[in-house]
Each structure stands twice: as C-alpha cells, then as structure tokens.
Amino acid sequence: MKDKTRVHVVIFGRVQGVFFRLETKQIADSVNVSGWVKNNRDGTVEAVFEGEKEAVESVVKWCKKGPPHSRVSRVDLVTEDYKGEYEGFDICFTDKKSGLFNKLQ
C-alpha cells in the first residue's frame with residue numbers, strides 16, 4: 001500500500017478570476033486526489049488535498065505555479081493526518097448570506 005497524505009494549502013497572489021479552482025480540480029482529478037478548493041474573501045485560494053503522497057505532491061507543485069494568467073506569490077502548506085474523508089474533488093464556496101461552506105453545484 002502506498003503512503004497516503006493530506007495537506008491544507010492557502011495560495012496567495014493573483015489567484016482569483018484566473019480559473020485557479022477549475023484547473024486545480026482538473027489536476028487533482030487527473031491524479032486521483034480528493035478534497036476541495038475554494039476562493040477566500042481575502043483574495044486567496046484555499047484547498048485540502050488527500051491521496052497518495054506522490055499525487056498530492058504533484059498537485060501542490062502545480063499550485064505553486066498555477067494556471068497561465070495567475071501570479072502565485074506564496075503557498076502556505078500544513079501537512080495533516082490523512083483522514084480519507086472525501087470522495088472525489090469539489091469546488092466549494094462560502095455562501096455570503098449564511099456563511100456556510102458548500103459544494104459548487
């Protein structure tokens with residue numbers, strides 16, 4: 001069995017309005033990494049990635065570059081205990097009225 005890992009990242013720079021979430025989902029799906037990604041009100045993008053260590057590392061490496069029109073200035077990363085709590089990878093948002101964290105439908 002391969003090593004499993006979980007990381008929580010916050011990506012800084014010009015990362016909203018440049019398809020960062022969509023392309024993160026595409027990259028994560030392509031290497032079977034589960035979790036979620038969302039925009040934060042402060043202009044950052046936040047994500048949790050779970051899966052095989054090499055696959056997660058490849059997604060994090062991509063996040064440090066981002067899509068073509070992004071300009072990543074920094075990626076804060078925290079390694080967490082693997083939980084296996086996600087099935088697939090979701091684009092999420094925080095509802096402005098309720099403040100609740102939801103999957104994009």
# chains A, B, ... in the order shown; residues from 1 in each chain; ligands from 1

$ residues_around --residues "segment 66-76 of chain A" --least-positions-apart "3" --cutoff "8 Å" --atoms "only C-alpha atoms" --output "list of chain:residue names"
A:Val9, A:Val10, A:Ile11, A:Phe12, A:Gly13, A:Arg14, A:Val15, A:Gln16, A:Val18, A:Phe19, A:Phe20, A:Glu23, A:Trp62, A:Cys63

$ residues_around --residues "Glu54 of chain A" --least-positions-apart "6" --cutoff "12 Å" --atoms "only C-alpha atoms" --output "list in words"
Lys2, Asp3, Lys4, Thr5, Arg6, Ala28, Val31, Asn32, Val33, Val60 and Lys61 of chain A

$ atom_distance --atom1 "atom CA of Phe49 of chain A" --atom2 "atom CA of Leu22 of chain A"
14.4 Å

$ select_by_dssp --residues "chain A" --states "helix (DSSP H, G or I)" --output "NGL selection string"
:A and (20-30 or 53-63)

$ write_last_selection --atoms "N, CA and C atoms" --output "compact mmCIF listing (two decimals), in the first residue's frame"
# COMPACT_ATOMS: atom_id res chain seq x y z
N PHE A 20 -8.30 29.36 -11.34
CA PHE A 20 -7.45 28.58 -10.44
C PHE A 20 -8.20 27.39 -9.87
N ARG A 21 -9.44 27.60 -9.40
CA ARG A 21 -10.19 26.50 -8.79
C ARG A 21 -10.51 25.41 -9.82
N LEU A 22 -10.96 25.81 -11.00
CA LEU A 22 -11.31 24.84 -12.03
C LEU A 22 -10.09 24.01 -12.43
N GLU A 23 -8.98 24.68 -12.67
CA GLU A 23 -7.79 23.94 -13.09
C GLU A 23 -7.21 23.09 -11.95
N THR A 24 -7.36 23.55 -10.71
CA THR A 24 -6.94 22.73 -9.57
C THR A 24 -7.76 21.44 -9.53
N LYS A 25 -9.06 21.56 -9.75
CA LYS A 25 -9.92 20.37 -9.78
C LYS A 25 -9.50 19.43 -10.90
N GLN A 26 -9.23 19.96 -12.07
CA GLN A 26 -8.82 19.12 -13.20
C GLN A 26 -7.52 18.39 -12.90
N ILE A 27 -6.56 19.08 -12.32
CA ILE A 27 -5.27 18.46 -11.97
C ILE A 27 -5.49 17.39 -10.90
N ALA A 28 -6.24 17.72 -9.85
CA ALA A 28 -6.49 16.77 -8.76
C ALA A 28 -7.21 15.53 -9.29
N ASP A 29 -8.24 15.73 -10.11
CA ASP A 29 -8.98 14.60 -10.68
C ASP A 29 -8.06 13.71 -11.53
N SER A 30 -7.14 14.33 -12.26
CA SER A 30 -6.27 13.56 -13.16
C SER A 30 -5.31 12.63 -12.44
N LYS A 53 0.82 10.04 -1.59
CA LYS A 53 1.77 11.13 -1.33
C LYS A 53 2.31 11.75 -2.61
N GLU A 54 2.75 10.94 -3.56
CA GLU A 54 3.30 11.47 -4.80
C GLU A 54 2.27 12.29 -5.57
N ALA A 55 1.04 11.83 -5.61
CA ALA A 55 -0.03 12.54 -6.32
C ALA A 55 -0.33 13.88 -5.66
N VAL A 56 -0.44 13.88 -4.34
CA VAL A 56 -0.69 15.12 -3.61
C VAL A 56 0.45 16.10 -3.83
N GLU A 57 1.69 15.61 -3.78
CA GLU A 57 2.84 16.48 -4.00
C GLU A 57 2.82 17.09 -5.40
N SER A 58 2.35 16.34 -6.38
CA SER A 58 2.29 16.87 -7.75
C SER A 58 1.25 17.99 -7.86
N VAL A 59 0.13 17.86 -7.15
CA VAL A 59 -0.89 18.91 -7.17
C VAL A 59 -0.36 20.15 -6.46
N VAL A 60 0.30 19.98 -5.33
CA VAL A 60 0.87 21.12 -4.60
C VAL A 60 1.92 21.81 -5.47
N LYS A 61 2.74 21.05 -6.16
CA LYS A 61 3.75 21.63 -7.06
C LYS A 61 3.07 22.47 -8.13
N TRP A 62 1.98 21.95 -8.71
CA TRP A 62 1.24 22.72 -9.71
C TRP A 62 0.69 24.01 -9.10
N CYS A 63 0.18 23.95 -7.86
CA CYS A 63 -0.38 25.13 -7.20
C CYS A 63 0.66 26.24 -7.04

$ select_by_dssp --residues "chain A" --states "strand (DSSP E or B)" --output "ChimeraX atom specification"
/A:4-14,34-39,45-52,71-80,89-94,101-103

$ closest_residue --among "A:Gly17, A:Lys83, A:Phe93, A:Lys65" --to "Gly51 of chain A" --atoms "only C-alpha atoms"
A:Lys83

$ closest_residue --among "A:Glu52, A:His8, A:Leu77, A:Tyr82" --to "Lys38 of chain A" --atoms "only C-alpha atoms"
A:His8

$ closest_residue --among "A:Val78, A:Val48, A:Val7, A:Glu87" --to "Trp36 of chain A" --atoms "only C-alpha atoms"
A:Val48

$ atom_distance --atom1 "atom CA of Tyr86 of chain A" --atom2 "atom CA of Ala47 of chain A"
12.5 Å

$ atom_distance --atom1 "atom CA of Val45 of chain A" --atom2 "atom CA of Ile91 of chain A"
10.9 Å
